[in-house]
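Visitor: File name coords15.pdb; file contents PDB, C-alpha atoms; full text below.
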ATOM      1  CA  MET A 249     200.733  68.959 145.103  1.00  0.00           C
ATOM      2  CA  ALA A 250     204.182  70.075 146.294  1.00  0.00           C
ATOM      3  CA  SER A 251     207.247  70.549 144.145  1.00  0.00           C
ATOM      4  CA  LYS A 252     209.850  67.760 144.248  1.00  0.00           C
ATOM      5  CA  VAL A 253     212.676  70.286 144.020  1.00  0.00           C
ATOM      6  CA  GLY A 254     211.059  72.641 146.525  1.00  0.00           C
ATOM      7  CA  LYS A 255     210.845  69.989 149.270  1.00  0.00           C
ATOM      8  CA  LEU A 256     214.654  69.840 149.563  1.00  0.00           C
ATOM      9  CA  PRO A 257     216.094  72.338 152.077  1.00  0.00           C
ATOM     10  CA  VAL A 258     218.996  74.582 151.029  1.00  0.00           C
ATOM     11  CA  ALA A 259     222.068  73.975 153.204  1.00  0.00           C
ATOM     12  CA  ILE A 260     223.844  77.133 154.379  1.00  0.00           C
ATOM     13  CA  PRO A 261     227.634  76.635 154.462  1.00  0.00           C
ATOM     14  CA  ALA A 262     229.894  78.300 157.038  1.00  0.00           C
ATOM     15  CA  GLY A 263     230.604  81.961 156.286  1.00  0.00           C
ATOM     16  CA  VAL A 264     227.253  82.539 154.566  1.00  0.00           C
ATOM     17  CA  THR A 265     224.373  84.461 156.156  1.00  0.00           C
ATOM     18  CA  VAL A 266     220.805  84.362 154.851  1.00  0.00           C
ATOM     19  CA  THR A 267     218.336  87.000 155.993  1.00  0.00           C
ATOM     20  CA  VAL A 268     214.646  86.893 155.115  1.00  0.00           C
ATOM     21  CA  GLY A 269     212.706  90.151 155.092  1.00  0.00           C
ATOM     22  CA  GLU A 270     209.355  91.258 153.725  1.00  0.00           C
ATOM     23  CA  ASN A 271     209.301  89.519 150.287  1.00  0.00           C
ATOM     24  CA  LEU A 272     213.108  89.772 150.067  1.00  0.00           C
ATOM     25  CA  VAL A 273     215.872  87.207 150.635  1.00  0.00           C
ATOM     26  CA  THR A 274     219.454  88.469 151.076  1.00  0.00           C
ATOM     27  CA  VAL A 275     222.434  86.102 150.917  1.00  0.00           C
ATOM     28  CA  LYS A 276     225.873  87.363 152.017  1.00  0.00           C
ATOM     29  CA  GLY A 277     229.034  85.323 151.569  1.00  0.00           C
ATOM     30  CA  PRO A 278     232.766  85.560 150.985  1.00  0.00           C
ATOM     31  CA  LYS A 279     232.366  86.574 147.314  1.00  0.00           C
ATOM     32  CA  GLY A 280     229.607  89.150 147.745  1.00  0.00           C
ATOM     33  CA  GLU A 281     225.927  89.770 148.389  1.00  0.00           C
ATOM     34  CA  LEU A 282     222.838  88.831 146.352  1.00  0.00           C
ATOM     35  CA  LYS A 283     219.196  89.854 146.819  1.00  0.00           C
ATOM     36  CA  GLN A 284     216.058  88.192 145.444  1.00  0.00           C
ATOM     37  CA  ASN A 285     212.442  89.315 145.631  1.00  0.00           C
ATOM     38  CA  VAL A 286     210.107  86.499 146.681  1.00  0.00           C
ATOM     39  CA  ASN A 287     206.512  85.965 145.564  1.00  0.00           C
ATOM     40  CA  ASN A 288     203.633  85.876 148.082  1.00  0.00           C
ATOM     41  CA  LEU A 289     202.879  82.268 147.021  1.00  0.00           C
ATOM     42  CA  VAL A 290     205.798  80.885 149.064  1.00  0.00           C
ATOM     43  CA  LYS A 291     207.123  81.374 152.574  1.00  0.00           C
ATOM     44  CA  VAL A 292     210.894  81.352 153.166  1.00  0.00           C
ATOM     45  CA  GLU A 293     212.309  80.531 156.605  1.00  0.00           C
ATOM     46  CA  VAL A 294     215.802  80.015 157.993  1.00  0.00           C
ATOM     47  CA  LYS A 295     215.830  76.980 160.299  1.00  0.00           C
ATOM     48  CA  GLY A 296     219.234  76.319 161.821  1.00  0.00           C
ATOM     49  CA  ALA A 297     221.786  75.878 159.042  1.00  0.00           C
ATOM     50  CA  GLU A 298     219.263  75.521 156.212  1.00  0.00           C
ATOM     51  CA  VAL A 299     216.689  77.533 154.312  1.00  0.00           C
ATOM     52  CA  VAL A 300     213.229  75.981 153.970  1.00  0.00           C
ATOM     53  CA  VAL A 301     210.776  77.133 151.290  1.00  0.00           C
ATOM     54  CA  THR A 302     207.112  76.185 151.760  1.00  0.00           C
ATOM     55  CA  PRO A 303     204.108  76.949 149.509  1.00  0.00           C
ATOM     56  CA  VAL A 304     201.324  79.057 151.018  1.00  0.00           C
ATOM     57  CA  ASP A 305     198.515  76.915 149.530  1.00  0.00           C
ATOM     58  CA  GLU A 306     198.051  73.892 147.239  1.00  0.00           C
ATOM     59  CA  SER A 307     197.502  75.809 143.974  1.00  0.00           C
ATOM     60  CA  LYS A 308     199.421  75.025 140.800  1.00  0.00           C
ATOM     61  CA  ASN A 309     201.079  78.467 140.793  1.00  0.00           C
ATOM     62  CA  ALA A 310     202.225  78.045 144.401  1.00  0.00           C
ATOM     63  CA  SER A 311     203.728  74.645 143.566  1.00  0.00           C
ATOM     64  CA  ALA A 312     205.597  76.115 140.593  1.00  0.00           C
ATOM     65  CA  ALA A 313     206.871  79.053 142.669  1.00  0.00           C
ATOM     66  CA  HIS A 314     207.892  76.615 145.432  1.00  0.00           C
ATOM     67  CA  GLY A 315     210.485  74.866 143.246  1.00  0.00           C
ATOM     68  CA  LEU A 316     211.527  78.069 141.494  1.00  0.00           C
ATOM     69  CA  TYR A 317     212.371  80.068 144.613  1.00  0.00           C
ATOM     70  CA  ARG A 318     214.091  77.112 146.272  1.00  0.00           C
ATOM     71  CA  ASN A 319     216.374  76.798 143.235  1.00  0.00           C
ATOM     72  CA  LEU A 320     216.971  80.569 143.037  1.00  0.00           C
ATOM     73  CA  ILE A 321     218.014  80.660 146.709  1.00  0.00           C
ATOM     74  CA  ASN A 322     220.229  77.584 146.178  1.00  0.00           C
ATOM     75  CA  ASN A 323     221.937  79.320 143.228  1.00  0.00           C
ATOM     76  CA  MET A 324     222.441  82.453 145.340  1.00  0.00           C
ATOM     77  CA  VAL A 325     224.142  80.402 148.084  1.00  0.00           C
ATOM     78  CA  LYS A 326     226.366  78.657 145.483  1.00  0.00           C
ATOM     79  CA  GLY A 327     227.178  81.999 143.862  1.00  0.00           C
ATOM     80  CA  VAL A 328     228.380  83.757 147.009  1.00  0.00           C
ATOM     81  CA  THR A 329     230.522  80.749 148.028  1.00  0.00           C
ATOM     82  CA  ASP A 330     231.963  79.351 144.766  1.00  0.00           C
ATOM     83  CA  GLY A 331     230.715  81.640 141.997  1.00  0.00           C
ATOM     84  CA  PHE A 332     229.680  80.661 138.470  1.00  0.00           C
ATOM     85  CA  SER A 333     231.634  80.675 135.234  1.00  0.00           C
ATOM     86  CA  LYS A 334     231.081  79.864 131.580  1.00  0.00           C
ATOM     87  CA  ALA A 335     233.725  79.407 128.922  1.00  0.00           C
ATOM     88  CA  LEU A 336     233.245  80.350 125.276  1.00  0.00           C
ATOM     89  CA  ILE A 337     235.461  79.059 122.466  1.00  0.00           C
ATOM     90  CA  VAL A 338     236.078  81.498 119.601  1.00  0.00           C
ATOM     91  CA  LYS A 339     237.046  79.475 116.534  1.00  0.00           C
ATOM     92  CA  GLY A 340     237.887  80.814 113.087  1.00  0.00           C
ATOM     93  CA  VAL A 341     240.763  82.163 111.036  1.00  0.00           C
ATOM     94  CA  GLY A 342     241.690  85.609 112.338  1.00  0.00           C
ATOM     95  CA  TYR A 343     239.081  85.587 115.097  1.00  0.00           C
ATOM     96  CA  ARG A 344     240.425  87.367 118.182  1.00  0.00           C
ATOM     97  CA  ALA A 345     239.216  88.585 121.552  1.00  0.00           C
ATOM     98  CA  GLU A 346     240.859  90.818 124.124  1.00  0.00           C
ATOM     99  CA  VAL A 347     239.857  92.686 127.265  1.00  0.00           C
ATOM    100  CA  LYS A 348     240.572  96.426 127.331  1.00  0.00           C
ATOM    101  CA  GLY A 349     239.542  97.872 130.693  1.00  0.00           C
ATOM    102  CA  LYS A 350     235.794  97.295 131.050  1.00  0.00           C
ATOM    103  CA  GLU A 351     235.351  96.349 127.380  1.00  0.00           C
ATOM    104  CA  LEU A 352     235.668  93.070 125.498  1.00  0.00           C
ATOM    105  CA  VAL A 353     236.869  93.716 121.928  1.00  0.00           C
ATOM    106  CA  MET A 354     236.223  90.863 119.492  1.00  0.00           C
ATOM    107  CA  ASN A 355     237.291  90.523 115.863  1.00  0.00           C
ATOM    108  CA  LEU A 356     234.917  87.964 114.341  1.00  0.00           C
ATOM    109  CA  GLY A 357     235.534  88.232 110.605  1.00  0.00           C
ATOM    110  CA  TYR A 358     233.245  91.214 110.022  1.00  0.00           C
ATOM    111  CA  SER A 359     234.514  94.563 108.736  1.00  0.00           C
ATOM    112  CA  ASN A 360     234.253  96.135 112.218  1.00  0.00           C
ATOM    113  CA  ASP A 361     235.206  94.810 115.626  1.00  0.00           C
ATOM    114  CA  PHE A 362     232.532  94.102 118.224  1.00  0.00           C
ATOM    115  CA  VAL A 363     232.925  95.974 121.505  1.00  0.00           C
ATOM    116  CA  ALA A 364     230.953  94.516 124.416  1.00  0.00           C
ATOM    117  CA  ILE A 365     230.824  96.452 127.681  1.00  0.00           C
ATOM    118  CA  ILE A 366     231.452  94.065 130.580  1.00  0.00           C
ATOM    119  CA  PRO A 367     228.830  94.423 133.352  1.00  0.00           C
ATOM    120  CA  ASP A 368     230.121  95.533 136.771  1.00  0.00           C
ATOM    121  CA  ASN A 369     229.219  92.263 138.521  1.00  0.00           C
ATOM    122  CA  LEU A 370     231.117  90.051 136.023  1.00  0.00           C
ATOM    123  CA  THR A 371     234.780  89.415 135.255  1.00  0.00           C
ATOM    124  CA  VAL A 372     235.984  88.350 131.820  1.00  0.00           C
ATOM    125  CA  THR A 373     239.360  86.805 131.022  1.00  0.00           C
ATOM    126  CA  VAL A 374     240.725  85.740 127.642  1.00  0.00           C
ATOM    127  CA  GLU A 375     243.111  82.829 127.149  1.00  0.00           C
ATOM    128  CA  SER A 376     244.658  82.367 123.720  1.00  0.00           C
ATOM    129  CA  LYS A 377     247.064  79.494 123.371  1.00  0.00           C
ATOM    130  CA  ASP A 378     246.003  77.227 120.511  1.00  0.00           C
ATOM    131  CA  MET A 379     242.427  78.605 120.487  1.00  0.00           C
ATOM    132  CA  VAL A 380     240.782  81.709 121.910  1.00  0.00           C
ATOM    133  CA  LYS A 381     238.857  80.999 125.113  1.00  0.00           C
ATOM    134  CA  VAL A 382     236.730  83.688 126.782  1.00  0.00           C
ATOM    135  CA  ILE A 383     235.883  82.917 130.437  1.00  0.00           C
ATOM    136  CA  ILE A 384     232.981  84.812 132.024  1.00  0.00           C
ATOM    137  CA  SER A 385     232.632  84.526 135.802  1.00  0.00           C
ATOM    138  CA  GLY A 386     230.559  86.123 138.551  1.00  0.00           C
ATOM    139  CA  ILE A 387     228.341  85.411 141.544  1.00  0.00           C
ATOM    140  CA  ASP A 388     224.990  85.822 139.742  1.00  0.00           C
ATOM    141  CA  LYS A 389     224.169  82.749 137.627  1.00  0.00           C
ATOM    142  CA  GLN A 390     221.589  84.603 135.544  1.00  0.00           C
ATOM    143  CA  ALA A 391     223.978  87.454 134.685  1.00  0.00           C
ATOM    144  CA  VAL A 392     226.774  85.038 133.686  1.00  0.00           C
ATOM    145  CA  GLY A 393     224.428  83.053 131.433  1.00  0.00           C
ATOM    146  CA  GLU A 394     222.854  86.145 129.871  1.00  0.00           C
ATOM    147  CA  PHE A 395     226.179  87.827 129.011  1.00  0.00           C
ATOM    148  CA  SER A 396     227.649  84.622 127.555  1.00  0.00           C
ATOM    149  CA  ALA A 397     224.499  84.079 125.457  1.00  0.00           C
ATOM    150  CA  GLN A 398     224.740  87.634 124.103  1.00  0.00           C
ATOM    151  CA  LEU A 399     228.386  87.086 123.125  1.00  0.00           C
ATOM    152  CA  ARG A 400     227.577  83.736 121.467  1.00  0.00           C
ATOM    153  CA  LYS A 401     224.837  85.437 119.442  1.00  0.00           C
ATOM    154  CA  LEU A 402     227.421  87.738 117.778  1.00  0.00           C
ATOM    155  CA  ARG A 403     228.708  84.848 115.636  1.00  0.00           C
ATOM    156  CA  LEU A 404     226.735  81.616 116.012  1.00  0.00           C
ATOM    157  CA  PRO A 405     228.680  78.412 115.279  1.00  0.00           C
ATOM    158  CA  GLU A 406     228.138  77.105 111.766  1.00  0.00           C
ATOM    159  CA  PRO A 407     227.986  73.379 110.919  1.00  0.00           C
ATOM    160  CA  TYR A 408     230.332  73.200 107.893  1.00  0.00           C
ATOM    161  CA  LYS A 409     233.692  74.470 109.173  1.00  0.00           C
ATOM    162  CA  GLY A 410     232.760  74.858 112.853  1.00  0.00           C
ATOM    163  CA  LYS A 411     233.571  78.573 112.858  1.00  0.00           C
ATOM    164  CA  GLY A 412     231.942  80.908 115.358  1.00  0.00           C
ATOM    165  CA  ILE A 413     231.489  81.251 119.101  1.00  0.00           C
ATOM    166  CA  ARG A 414     230.364  78.204 121.050  1.00  0.00           C
ATOM    167  CA  TYR A 415     230.188  77.111 124.664  1.00  0.00           C
ATOM    168  CA  GLU A 416     233.099  74.965 125.847  1.00  0.00           C
ATOM    169  CA  ASP A 417     230.895  71.928 126.478  1.00  0.00           C
ATOM    170  CA  GLU A 418     228.744  72.431 123.356  1.00  0.00           C
ATOM    171  CA  VAL A 419     229.012  69.904 120.529  1.00  0.00           C
ATOM    172  CA  ILE A 420     228.433  71.193 117.002  1.00  0.00           C
ATOM    173  CA  ARG A 421     227.039  68.633 114.555  1.00  0.00           C
ATOM    174  CA  ARG A 422     229.224  68.910 111.484  1.00  0.00           C
ATOM    175  CA  LYS A 423     227.833  68.607 107.949  1.00  0.00           C
ATOM    176  CA  VAL A 424     229.694  67.224 104.949  1.00  0.00           C
ATOM    177  CA  GLY A 425     229.021  70.013 102.456  1.00  0.00           C
ATOM    178  CA  LYS A 426     228.905  69.867  98.680  1.00  0.00           C
ATOM    179  CA  THR A 427     230.542  67.120  96.680  1.00  0.00           C
ATOM    180  CA  GLY A 428     231.526  67.541  93.064  1.00  0.00           C
ATOM    181  CA  VAL A 429     228.996  65.292  91.251  1.00  0.00           C
ATOM    182  CA  LYS A 430     229.939  64.771  87.568  1.00  0.00           C
TER     183      LYS A 430
END
What is this file in C-alpha cells?

Guide:
Amino acid sequence: MASKVGKLPVAIPAGVTVTVGENLVTVKGPKGELKQNVNNLVKVEVKGAEVVVTPVDESKNASAAHGLYRNLINNMVKGVTDGFSKALIVKGVGYRAEVKGKELVMNLGYSNDFVAIIPDNLTVTVESKDMVKVIISGIDKQAVGEFSAQLRKLRLPEPYKGKGIRYEDEVIRRKVGKTGVK
C-alpha cells in the first residue's frame, strides 16, 4: 500500500542542488540551505532532475513516512527557491506592531506590550496603512507557521467585534451579541 502523495517525484528546478547522505537530505538554493533527517522506512534518491522517495517495505508506517518525507522534501525545494510567507492582520482600537531590531513589539490592549524575539531564519515586516499587517517570511515552512501561530495566540480573534490577531485569509464568524429585550 503506497502513499498517493509519495508516488509523485519532486522536480528540482535550476539553481537547486539536492544531496542525499546517510539519513540526511540537504537542499541548497538561491535563498539558502535546508537539512532534513530521514527515517529508515524510506529511501531517497536523486534521479536526473527529480527526487524520488520510495518506501523500504509495505508496512503502514513506511507508507505514512513515504508521503511525509516526499512532502517535506518538496517544501524544502519550494522554500529555497521561492520562500514562504504568512500575513497576520492586527485589528483593534489602539493595537500596534513595530519591528525594533530583532524584536517585534506589539501593543494589543493589555497593560504591557508584548515583545517577541524574531528567530534568525525569519524576517518580519509591518505594514500599517488602514490596518496593521505583520508579514512573516522565511525559507522553512514549519518555522514560518510556528512563529505566526505563536503571535496569533497572543490575542485570539473574538467573534463580537472581530478584534485580535488573525491570518490574512482567515474568516471570523461574527456573532450578533446582546439585544435589549424589554

Visitor: Which of these residues is nearest to A:Glu394, using only C-alpha atoms: A:Arg344, A:Arg318, A:Lys326, A:Lys334?

Guide: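 The shortest atom-to-atom distance to A:Glu394 comes from A:Lys334.
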
Visitor: Selection in question (the file shown): the PyMOL selection byres ((chain A and resi 356) around 8). Which residues does it include, as a list of chain:residue names?

Guide: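 Expected selection for the PyMOL selection byres ((chain A and resi 356) around 8) here is A:Gly340, A:Gly342, A:Tyr343, A:Arg344, A:Met354, A:Asn355, A:Gly357, A:Tyr358, A:Asp361, A:Phe362, A:Arg403, A:Gly412.
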
Visitor: Using the chain letters and residue numbers of this document, give as an mmCIF file with C-alpha atoms, in the coordinates of the input the residues selected by the PyMOL selection byres ((chain A and resi 271) around 6).

Guide:
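Result file is expr.cif:
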data_model
loop_
_atom_site.group_PDB
_atom_site.id
_atom_site.type_symbol
_atom_site.label_atom_id
_atom_site.label_comp_id
_atom_site.auth_asym_id
_atom_site.auth_seq_id
_atom_site.Cartn_x
_atom_site.Cartn_y
_atom_site.Cartn_z
ATOM 1 C CA GLY A 269 212.706 90.151 155.092
ATOM 2 C CA GLU A 270 209.355 91.258 153.725
ATOM 3 C CA LEU A 272 213.108 89.772 150.067
ATOM 4 C CA ASN A 285 212.442 89.315 145.631
ATOM 5 C CA VAL A 286 210.107 86.499 146.681
#

Visitor: Write out as a PyMOL selection string the residues lying within 10 Å of A:Pro407, counting all atoms listed in the file and excluding same-chain residues fewer than 4 positions away.

Guide: chain A and resi 411-412+420-425

Visitor: Have a look at A:Val341, A:Leu256, A:Leu336, A:Ile387 and name the one nearest to A:Lys279; count only C-alpha atoms.

Guide: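 Smallest distance to A:Lys279 is found for A:Ile387.
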
Visitor: Using all atoms listed in the file, which of A:Asn360, A:Asn287, A:Ser385, A:Thr265 sits nearest A:Asp330?

Guide: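 Among A:Asn360, A:Asn287, A:Ser385, A:Thr265, it is A:Ser385 that comes nearest to A:Asp330.
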
Visitor: For stretch 369-371 of chain A, list every protein, DNA or RNA residue within 8 Å, evaluated using all atoms listed in the file, and leave out those in the same chain fewer than 4 positions away; present the list as a ChimeraX atom specification.

Guide: /A:384-388,391-392

Visitor: Atom CA of A:Ser376 to atom CA of A:Ala345: how many Å, to one decimal?

Guide: 8.5 Å

Visitor: Separation of atom CA of A:Glu351 and atom CA of A:Lys283, in Å?

Guide: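 Computing it gives 26.1 Å between the two atoms.
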
Visitor: Pick the closest to A:Asn319 from A:Met379, A:Val273, A:Val253, A:Val290: which is it, counting only C-alpha atoms?

Guide: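 Going through A:Met379, A:Val273, A:Val253, A:Val290 one by one, the smallest distance to A:Asn319 is for A:Val253.
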
Visitor: Got a sec to resolve the PyMOL selection byres ((chain A and resi 414) around 12) on this structure and send the residues as a PyMOL selection string?

Guide: chain A and resi 334-340+380-383+396-407+410-413+415-420

Visitor: With all atoms listed in the file as the counted atoms, please give the residues lying no more than 9 Å from A:Ile365, apart from itself and same-chain residues fewer than 6 positions off, as a count of residues only.

Guide: 4

Visitor: Which polymer residues have any atom within 9 Å of an atom of A:Pro261, counting only C-alpha atoms, with same-chain residues fewer than 2 positions away left out, as a ChimeraX atom specification?

Guide: /A:259,263-265,297-298,325,329

Visitor: What is the distance between atom CA of A:His314 and atom CA of A:Leu289, in Å to one decimal?

Guide: 7.7 Å

Visitor: Counting all atoms listed in the file, figure out which residue out of A:Gly254, A:Pro367, A:Gly331, A:Gly349 gets nearest to A:Ala313.

Guide: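 Looking at the shortest contact to A:Ala313, the residue is A:Gly254.
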
Visitor: Taking all atoms listed in the file into account, name the residue in A:Ala310, A:Val300, A:Met324, A:Leu316 that is nearest to A:Leu282.

Guide: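 Going through A:Ala310, A:Val300, A:Met324, A:Leu316 one by one, the smallest distance to A:Leu282 is for A:Met324.
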
Visitor: Might I get the box with edges along x, y and z of the file that holds all atoms of stretch 377-393 of chain A listed there, padded by 4 Å on every side, given as centre and edge lengths in Å to one decimal, as lines of an AutoDock Vina configuration file?

Guide:
center_x = 234.3
center_y = 82.3
center_z = 131.0
size_x = 33.5
size_y = 18.2
size_z = 29.1

Visitor: Which protein, DNA or RNA residues have an atom at most 12 Å from (200.4, 78.2, 150.1), counting all atoms listed in the file? List them as a ChimeraX atom specification.

Guide: /A:249-251,287-292,301-314

Visitor: Would you kindly place N, CA and C atoms on stretch 266-284 of chain A and return the model as an mmCIF file, in the frame of the given file?

Guide:
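Written out: result.cif:
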data_model
loop_
_atom_site.group_PDB
_atom_site.id
_atom_site.type_symbol
_atom_site.label_atom_id
_atom_site.label_comp_id
_atom_site.auth_asym_id
_atom_site.auth_seq_id
_atom_site.Cartn_x
_atom_site.Cartn_y
_atom_site.Cartn_z
ATOM 1 N N VAL A 266 222.038 84.180 155.614
ATOM 2 C CA VAL A 266 220.805 84.362 154.851
ATOM 3 C C VAL A 266 219.825 85.104 155.744
ATOM 4 N N THR A 267 219.335 86.252 155.255
ATOM 5 C CA THR A 267 218.336 87.000 155.993
ATOM 6 C C THR A 267 217.075 87.091 155.145
ATOM 7 N N VAL A 268 215.937 86.859 155.803
ATOM 8 C CA VAL A 268 214.646 86.893 155.115
ATOM 9 C C VAL A 268 213.876 88.088 155.638
ATOM 10 N N GLY A 269 213.495 88.976 154.729
ATOM 11 C CA GLY A 269 212.706 90.151 155.092
ATOM 12 C C GLY A 269 211.334 90.060 154.450
ATOM 13 N N GLU A 270 210.665 91.189 154.354
ATOM 14 C CA GLU A 270 209.355 91.258 153.725
ATOM 15 C C GLU A 270 209.504 91.069 152.214
ATOM 16 N N ASN A 271 209.203 89.878 151.713
ATOM 17 C CA ASN A 271 209.301 89.519 150.287
ATOM 18 C C ASN A 271 210.702 89.737 149.713
ATOM 19 N N LEU A 272 211.742 89.597 150.541
ATOM 20 C CA LEU A 272 213.108 89.772 150.067
ATOM 21 C C LEU A 272 214.033 88.812 150.816
ATOM 22 N N VAL A 273 214.871 88.099 150.043
ATOM 23 C CA VAL A 273 215.872 87.207 150.635
ATOM 24 C C VAL A 273 217.241 87.771 150.277
ATOM 25 N N THR A 274 218.111 87.957 151.277
ATOM 26 C CA THR A 274 219.454 88.469 151.076
ATOM 27 C C THR A 274 220.448 87.394 151.504
ATOM 28 N N VAL A 275 221.400 87.095 150.624
ATOM 29 C CA VAL A 275 222.434 86.102 150.917
ATOM 30 C C VAL A 275 223.781 86.812 150.847
ATOM 31 N N LYS A 276 224.537 86.764 151.968
ATOM 32 C CA LYS A 276 225.873 87.363 152.017
ATOM 33 C C LYS A 276 226.881 86.249 152.207
ATOM 34 N N GLY A 277 227.995 86.337 151.465
ATOM 35 C CA GLY A 277 229.034 85.323 151.569
ATOM 36 C C GLY A 277 230.393 85.916 151.301
ATOM 37 N N PRO A 278 231.409 85.058 151.199
ATOM 38 C CA PRO A 278 232.766 85.560 150.985
ATOM 39 C C PRO A 278 232.958 86.277 149.652
ATOM 40 N N LYS A 279 232.189 85.945 148.628
ATOM 41 C CA LYS A 279 232.366 86.574 147.314
ATOM 42 C C LYS A 279 231.489 87.791 147.084
ATOM 43 N N GLY A 280 230.465 87.989 147.943
ATOM 44 C CA GLY A 280 229.607 89.150 147.745
ATOM 45 C C GLY A 280 228.231 88.955 148.335
ATOM 46 N N GLU A 281 227.284 89.773 147.859
ATOM 47 C CA GLU A 281 225.927 89.770 148.389
ATOM 48 C C GLU A 281 224.936 89.746 147.230
ATOM 49 N N LEU A 282 223.892 88.913 147.357
ATOM 50 C CA LEU A 282 222.838 88.831 146.352
ATOM 51 C C LEU A 282 221.489 89.015 147.028
ATOM 52 N N LYS A 283 220.555 89.652 146.304
ATOM 53 C CA LYS A 283 219.196 89.854 146.819
ATOM 54 C C LYS A 283 218.205 89.296 145.805
ATOM 55 N N GLN A 284 217.087 88.762 146.311
ATOM 56 C CA GLN A 284 216.058 88.192 145.444
ATOM 57 C C GLN A 284 214.686 88.517 146.027
#
